[in-house]
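Structure data follow from final_16.pdb (PDB, C-alpha atoms):
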ATOM      1  CA  MET A   1      63.310   6.076-122.216
ATOM      2  CA  LEU A   2      67.019   5.368-122.520
ATOM      3  CA  ASN A   3      69.274   8.296-121.658
ATOM      4  CA  ASN A   4      72.165   9.715-123.655
ATOM      5  CA  PHE A   5      74.662   7.242-122.154
ATOM      6  CA  VAL A   6      73.282   4.460-124.332
ATOM      7  CA  GLY A   7      73.797   4.392-128.101
ATOM      8  CA  ARG A   8      71.481   2.719-130.569
ATOM      9  CA  LYS A   9      68.682   0.432-129.430
ATOM     10  CA  ARG A  10      68.132  -2.808-131.355
ATOM     11  CA  ALA A  11      66.339  -6.111-130.944
ATOM     12  CA  VAL A  12      68.004  -9.524-130.798
ATOM     13  CA  ALA A  13      66.012 -12.777-130.963
ATOM     14  CA  LEU A  14      67.122 -15.593-128.657
ATOM     15  CA  PRO A  15      65.817 -19.138-128.141
ATOM     16  CA  PRO A  16      64.554 -20.163-124.653
ATOM     17  CA  HIS A  17      67.695 -22.124-123.698
ATOM     18  CA  LEU A  18      69.880 -19.040-124.187
ATOM     19  CA  VAL A  19      67.385 -16.680-122.510
ATOM     20  CA  GLN A  20      67.370 -18.927-119.413
ATOM     21  CA  ALA A  21      71.152 -18.494-119.111
ATOM     22  CA  LEU A  22      70.974 -14.679-118.936
ATOM     23  CA  PRO A  23      69.928 -14.129-115.271
ATOM     24  CA  SER A  24      72.712 -16.368-113.955
ATOM     25  CA  GLY A  25      75.417 -14.633-115.985
ATOM     26  CA  ARG A  26      76.186 -17.939-117.747
ATOM     27  CA  LEU A  27      75.697 -16.230-121.116
ATOM     28  CA  ARG A  28      77.958 -13.168-121.451
ATOM     29  CA  ARG A  29      78.641 -13.137-125.171
ATOM     30  CA  LEU A  30      76.692 -13.700-128.368
ATOM     31  CA  VAL A  31      77.994 -14.826-131.735
ATOM     32  CA  LEU A  32      75.732 -13.160-134.297
ATOM     33  CA  PRO A  33      75.711 -12.985-138.112
ATOM     34  CA  LEU A  34      77.797  -9.977-139.111
ATOM     35  CA  ALA A  35      75.534  -9.106-142.045
ATOM     36  CA  GLN A  36      72.676  -8.169-139.662
ATOM     37  CA  HIS A  37      74.848  -6.765-136.861
ATOM     38  CA  ARG A  38      77.714  -4.956-138.621
ATOM     39  CA  ALA A  39      76.754  -1.548-137.152
ATOM     40  CA  LEU A  40      76.526  -2.825-133.559
ATOM     41  CA  ALA A  41      79.010  -1.040-131.285
ATOM     42  CA  ALA A  42      80.001  -0.670-127.643
ATOM     43  CA  GLY A  43      77.431   1.451-125.827
ATOM     44  CA  ASP A  44      74.476   0.102-127.814
ATOM     45  CA  ALA A  45      71.601  -1.672-126.081
ATOM     46  CA  LEU A  46      69.875  -4.843-127.263
ATOM     47  CA  TRP A  47      66.385  -5.720-126.067
ATOM     48  CA  VAL A  48      65.900  -9.475-126.067
ATOM     49  CA  ARG A  49      63.127 -10.949-128.149
ATOM     50  CA  GLU A  50      61.901 -14.381-127.119
ATOM     51  CA  GLY A  51      58.946 -16.532-128.016
ATOM     52  CA  ILE A  52      55.699 -15.799-126.178
ATOM     53  CA  CYS A  53      52.263 -17.371-125.984
ATOM     54  CA  VAL A  54      49.533 -14.718-125.954
ATOM     55  CA  SER A  55      46.603 -15.683-123.702
ATOM     56  CA  ASP A  56      43.162 -16.349-125.153
ATOM     57  CA  HIS A  57      41.575 -14.144-122.499
ATOM     58  CA  GLN A  58      42.972 -10.656-122.090
ATOM     59  CA  PRO A  59      42.440  -8.772-118.800
ATOM     60  CA  ARG A  60      41.295  -5.396-120.173
ATOM     61  CA  ALA A  61      42.244  -2.664-122.593
ATOM     62  CA  GLY A  62      45.694  -1.273-121.900
ATOM     63  CA  GLU A  63      47.178  -4.661-120.904
ATOM     64  CA  LEU A  64      48.587  -7.740-122.627
ATOM     65  CA  ALA A  65      48.546 -11.167-120.923
ATOM     66  CA  PHE A  66      50.976 -13.850-122.107
ATOM     67  CA  SER A  67      53.577 -16.390-120.968
ATOM     68  CA  TYR A  68      57.176 -16.625-122.116
ATOM     69  CA  ALA A  69      58.200 -19.666-124.193
ATOM     70  CA  GLY A  70      58.993 -22.635-121.981
ATOM     71  CA  GLU A  71      57.287 -21.107-118.930
ATOM     72  CA  SER A  72      53.765 -21.504-117.557
ATOM     73  CA  ARG A  73      53.614 -18.363-115.403
ATOM     74  CA  ARG A  74      51.250 -15.744-116.816
ATOM     75  CA  THR A  75      52.653 -12.233-117.244
ATOM     76  CA  VAL A  76      50.692  -9.014-117.766
ATOM     77  CA  VAL A  77      52.318  -5.873-119.165
ATOM     78  CA  GLY A  78      50.974  -2.460-120.049
ATOM     79  CA  TRP A  79      49.876  -2.159-123.656
ATOM     80  CA  PRO A  80      49.291   1.068-125.614
ATOM     81  CA  ARG A  81      45.558   1.353-126.361
ATOM     82  CA  VAL A  82      46.291   2.830-129.793
ATOM     83  CA  ILE A  83      48.129  -0.330-130.919
ATOM     84  CA  GLY A  84      46.191  -3.534-131.557
ATOM     85  CA  ARG A  85      47.199  -6.422-129.312
ATOM     86  CA  PRO A  86      48.683  -9.525-130.951
ATOM     87  CA  GLY A  87      46.214 -12.365-131.433
ATOM     88  CA  ALA A  88      46.080 -15.362-129.104
ATOM     89  CA  GLY A  89      48.574 -18.176-129.563
ATOM     90  CA  HIS A  90      52.296 -18.764-129.944
ATOM     91  CA  ARG A  91      54.419 -15.941-131.322
ATOM     92  CA  PRO A  92      58.044 -16.563-132.410
ATOM     93  CA  PRO A  93      60.825 -14.327-131.036
ATOM     94  CA  GLU A  94      60.819 -12.176-134.171
ATOM     95  CA  ALA A  95      57.186 -11.174-133.461
ATOM     96  CA  MET A  96      57.651 -10.269-129.793
ATOM     97  CA  PRO A  97      56.752  -6.627-129.077
ATOM     98  CA  VAL A  98      59.255  -4.468-127.168
ATOM     99  CA  GLN A  99      56.682  -3.963-124.379
ATOM    100  CA  ALA A 100      56.980  -7.679-123.493
ATOM    101  CA  SER A 101      60.788  -7.780-123.358
ATOM    102  CA  ARG A 102      62.219  -8.597-119.935
ATOM    103  CA  PHE A 103      65.977  -8.515-120.666
ATOM    104  CA  THR A 104      68.261  -5.767-121.934
ATOM    105  CA  LEU A 105      71.883  -6.331-122.959
ATOM    106  CA  LEU A 106      74.294  -3.401-122.775
ATOM    107  CA  VAL A 107      77.062  -3.955-125.323
ATOM    108  CA  ASP A 108      80.589  -3.596-123.920
ATOM    109  CA  LYS A 109      82.598  -4.757-126.937
ATOM    110  CA  VAL A 110      82.071  -5.975-130.505
ATOM    111  CA  GLU A 111      84.657  -7.872-132.522
ATOM    112  CA  HIS A 112      84.296  -8.859-136.199
ATOM    113  CA  LEU A 113      85.842 -12.203-137.161
ATOM    114  CA  ARG A 114      85.168 -15.524-138.854
ATOM    115  CA  LEU A 115      83.217 -18.185-136.951
ATOM    116  CA  ALA A 116      86.272 -20.490-136.857
ATOM    117  CA  GLN A 117      88.248 -17.726-135.089
ATOM    118  CA  VAL A 118      86.005 -17.643-131.995
ATOM    119  CA  GLY A 119      88.298 -18.671-129.132
ATOM    120  CA  GLU A 120      87.547 -21.251-126.453
ATOM    121  CA  LEU A 121      86.830 -18.765-123.637
ATOM    122  CA  ASP A 122      84.556 -16.709-125.892
ATOM    123  CA  ALA A 123      82.745 -19.867-127.033
ATOM    124  CA  LEU A 124      82.204 -20.933-123.406
ATOM    125  CA  ALA A 125      80.725 -17.492-122.629
ATOM    126  CA  ALA A 126      78.495 -17.716-125.741
ATOM    127  CA  GLY A 127      76.719 -21.013-125.054
ATOM    128  CA  VAL A 128      79.298 -23.797-125.395
ATOM    129  CA  THR A 129      79.447 -26.112-122.370
ATOM    130  CA  ILE A 130      82.036 -28.555-121.050
ATOM    131  CA  GLU A 131      80.622 -32.095-121.212
ATOM    132  CA  GLY A 132      82.921 -34.609-119.543
ATOM    133  CA  GLU A 133      85.905 -34.975-121.877
ATOM    134  CA  GLY A 134      84.370 -32.849-124.639
ATOM    135  CA  PHE A 135      82.210 -29.820-125.359
ATOM    136  CA  GLY A 136      78.466 -29.438-125.780
ATOM    137  CA  ALA A 137      76.003 -26.729-126.742
ATOM    138  CA  LEU A 138      73.758 -25.054-124.172
ATOM    139  CA  GLY A 139      70.240 -26.425-124.576
ATOM    140  CA  TYR A 140      71.355 -29.732-126.139
ATOM    141  CA  PRO A 141      72.203 -31.939-123.124
ATOM    142  CA  PHE A 142      71.688 -35.317-124.821
ATOM    143  CA  MET A 143      74.105 -34.893-127.714
ATOM    144  CA  ASN A 144      77.429 -36.653-127.872
ATOM    145  CA  PRO A 145      80.173 -34.192-126.880
ATOM    146  CA  PHE A 146      82.157 -32.418-129.578
ATOM    147  CA  GLY A 147      85.940 -32.752-129.666
ATOM    148  CA  SER A 148      86.567 -29.012-129.414
ATOM    149  CA  SER A 149      84.849 -25.820-128.316
ATOM    150  CA  ALA A 150      85.099 -24.614-131.934
ATOM    151  CA  GLU A 151      83.062 -27.602-133.210
ATOM    152  CA  ALA A 152      80.386 -27.009-130.555
ATOM    153  CA  MET A 153      80.287 -23.276-131.407
ATOM    154  CA  VAL A 154      79.847 -24.041-135.122
ATOM    155  CA  PHE A 155      76.936 -26.382-134.296
ATOM    156  CA  LEU A 156      75.265 -23.821-132.023
ATOM    157  CA  PHE A 157      75.675 -20.986-134.565
ATOM    158  CA  GLN A 158      74.428 -23.125-137.468
ATOM    159  CA  ASP A 159      71.412 -24.302-135.471
ATOM    160  CA  LEU A 160      70.437 -20.752-134.482
ATOM    161  CA  HIS A 161      71.255 -18.815-137.661
ATOM    162  CA  ARG A 162      71.336 -21.282-140.594
ATOM    163  CA  PRO A 163      74.264 -19.597-142.427
ATOM    164  CA  SER A 164      74.687 -20.086-146.159
ATOM    165  CA  GLU A 165      78.470 -20.460-145.943
ATOM    166  CA  GLU A 166      80.716 -22.756-143.923
ATOM    167  CA  ASN A 167      82.825 -20.165-142.080
ATOM    168  CA  PRO A 168      80.732 -16.960-142.057
ATOM    169  CA  GLU A 169      81.732 -13.554-140.776
ATOM    170  CA  VAL A 170      80.331 -13.020-137.286
ATOM    171  CA  ALA A 171      80.052 -10.326-134.647
ATOM    172  CA  LEU A 172      81.318 -11.490-131.256
ATOM    173  CA  VAL A 173      79.336  -9.333-128.824
ATOM    174  CA  GLU A 174      80.351  -8.990-125.174
ATOM    175  CA  PHE A 175      77.592  -7.580-122.968
ATOM    176  CA  GLN A 176      76.151  -7.014-119.512
ATOM    177  CA  ALA A 177      72.663  -8.479-119.068
ATOM    178  CA  PHE A 178      69.940  -6.737-117.070
ATOM    179  CA  SER A 179      66.608  -8.303-116.091
ATOM    180  CA  ARG A 180      64.617  -5.238-117.141
ATOM    181  CA  ASN A 181      62.670  -3.964-120.075
ATOM    182  CA  ILE A 182      64.764  -1.543-122.115
ATOM    183  CA  ALA A 183      62.386   1.322-121.235
ATOM    184  CA  MET A 184      62.934   0.669-117.508
ATOM    185  CA  LEU A 185      66.706   0.225-117.554
ATOM    186  CA  ILE A 186      68.901   2.143-115.133
ATOM    187  CA  VAL A 187      72.441   2.422-116.450
ATOM    188  CA  PRO A 188      75.003   1.705-113.694
ATOM    189  CA  GLY A 189      77.037   4.748-112.680
ATOM    190  CA  THR A 190      74.718   7.300-114.289
ATOM    191  CA  GLY A 191      72.449   7.753-111.272
ATOM    192  CA  GLY A 192      69.355   7.928-113.408
ATOM    193  CA  ALA A 193      66.827   6.059-115.377
ATOM    194  CA  ALA A 194      68.002   5.016-118.759
TER     195      ALA A 194
END
Before we go any further, please render this structure as structure tokens.
Amino acid sequence: MLNNFVGRKRAVALPPHLVQALPSGRLRRLVLPLAQHRALAAGDALWVREGICVSDHQPRAGELAFSYAGESRRTVVGWPRVIGRPGAGHRPPEAMPVQASRFTLLVDKVEHLRLAQVGELDALAAGVTIEGEGFGALGYPFMNPFGSSAEAMVFLFQDLHRPSEENPEVALVEFQAFSRNIAMLIVPGTGGAA
């Protein structure tokens, strides 16, 4: 259980290409729709939801066997016996149970702005890549480069969130990523389990 040093706990759904960038530190910021993340603040923790494929054959009661989207390695986690296990097959990020989460993001800073106001360095930390003479979007290596980091950020945001307006309000979230389930997190400097 998270200790008192961490604020609210929330889920955030991420596609496989962004999840894969977490362990390396390549992804250090997220640009999220402000409407859903207005209350997010420094000190909060986000557990990362990602797509999973639940195995046809489950080991035994009290466990859930699955693989993460884009990976073939089978994972088994403890599962509360009083909660029914999800059925076999692909489950989108939004349906991933907290018990299966393997990444926790501790929020350092949140800034509210318009999508067009996201700066180049923030865009590069949020999934924009440098592609030769232009900019690309992490997970889209075969696209022609965009002329600016802002154009690439708009593409990435629109692809992930499908906004209804052209220049939506967003939350620019700076975080530290940890390769641990939120229930197993140890907060640096606290000396204890979070």
I'd like the contact shell of region 66-78 of chain A - 6 Å cut-off, all atoms listed in the file, skipping same-chain residues fewer than 3 positions apart - returned as JSON, numbers by chain. {"A": [51, 52, 53, 54, 55, 62, 63]}
Which residues are near Pro93 (chain A)? Cut-off 9 Å, only C-alpha atoms, ignore same chain within fewer than 3 positions. Put them as a PyMOL selection string. chain A and resi 12-15+48-52+96-97
Specify the axis-aligned box that encloses all atoms of region 97-104 of chain A listed in the file after padding of 8 Å on each side, stating its centre and edge lengths in Å to one decimal as JSON.
{"center_x": 62.5, "center_y": -6.3, "center_z": -124.5, "size_x": 27.6, "size_y": 20.6, "size_z": 25.1}
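With only C-alpha atoms as the atoms that count, the minimum distance from Leu172 (chain A) to the choices A:Ala11, A:Ala61, A:Leu185, A:Ala125 is reached by A:Ala125.
All residues of protein, DNA or RNA that reach within 12 Å of Gly132 (chain A), judged by all atoms listed in the file and not counting those fewer than 3 positions away in the chain, are Thr129, Phe135, Gly136, Pro141, Asn144, Pro145, Phe146, Gly147 and Ser148 of chain A.
When CA of Val98 (chain A) is paired with CA of Leu64 (chain A), their separation reads 12.0 Å.
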Neighbour list for region 154-163 of chain A as a VMD selection string, cut-off 10 Å, only C-alpha atoms, skip fewer than 5 positions in-chain: chain A and resid 13 to 15 30 to 33 115 to 116 118 123 126 to 128 136 to 140 146 149 168 to 170
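Separating CA of Leu121 (chain A) from CA of Lys9 (chain A) is a distance of 27.0 Å.
Nearest to Gly89 (chain A) of all the residues A:Gln117, A:Gln58, A:Ser101, A:Ser179 is A:Gln58, counting all atoms listed in the file.
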Can you tell me how far CA of Leu18 (chain A) sits from CA of Thr104 (chain A), in Å to one decimal? 13.6 Å
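The neighbours of Phe178 (chain A) here are the residues that come within 7 Å of it, using all atoms listed in the file and leaving out any residue fewer than 2 positions away in the same chain; they are Phe103, Thr104, Leu105, Gln176 and Arg180 of chain A.
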Hey, can you spit out that residue selection with C-alpha atoms as an mmCIF file, keeping the file's coordinate frame?
data_model
loop_
_atom_site.group_PDB
_atom_site.id
_atom_site.type_symbol
_atom_site.label_atom_id
_atom_site.label_comp_id
_atom_site.auth_asym_id
_atom_site.auth_seq_id
_atom_site.Cartn_x
_atom_site.Cartn_y
_atom_site.Cartn_z
ATOM 1 C CA PHE A 103 65.977 -8.515 -120.666
ATOM 2 C CA THR A 104 68.261 -5.767 -121.934
ATOM 3 C CA LEU A 105 71.883 -6.331 -122.959
ATOM 4 C CA GLN A 176 76.151 -7.014 -119.512
ATOM 5 C CA ARG A 180 64.617 -5.238 -117.141
#
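With all atoms listed in the file as the atoms that count, the residue of A:Val110, A:Ala177, A:Ala88, A:Ile130 with the shortest distance to His37 (chain A) is A:Val110.
Between Glu120 (chain A) and the candidates A:Arg81, A:Arg26, A:Glu166, A:Glu151, the tightest atom-to-atom separation, counting all atoms listed in the file, involves A:Glu151.
Nearest residue to Leu124 (chain A), choosing from A:His90, A:Leu27, A:Ile83, A:Met184 and counting all atoms listed in the file: A:Leu27.
When all atoms listed in the file are used to measure the gap to Leu46 (chain A), the shortest distance among A:Leu106, A:Ala152, A:Leu113, A:Ala171 belongs to A:Leu106.
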Please evaluate the PyMOL selection byres ((chain A and resi 40) around 9) against the displayed coordinates and give the resulting residues as a list in words. Arg8, Arg10, Gln36, His37, Arg38, Ala39, Ala41, Ala42, Gly43, Asp44, Val107, Val110, Ala171 and Val173 of chain A
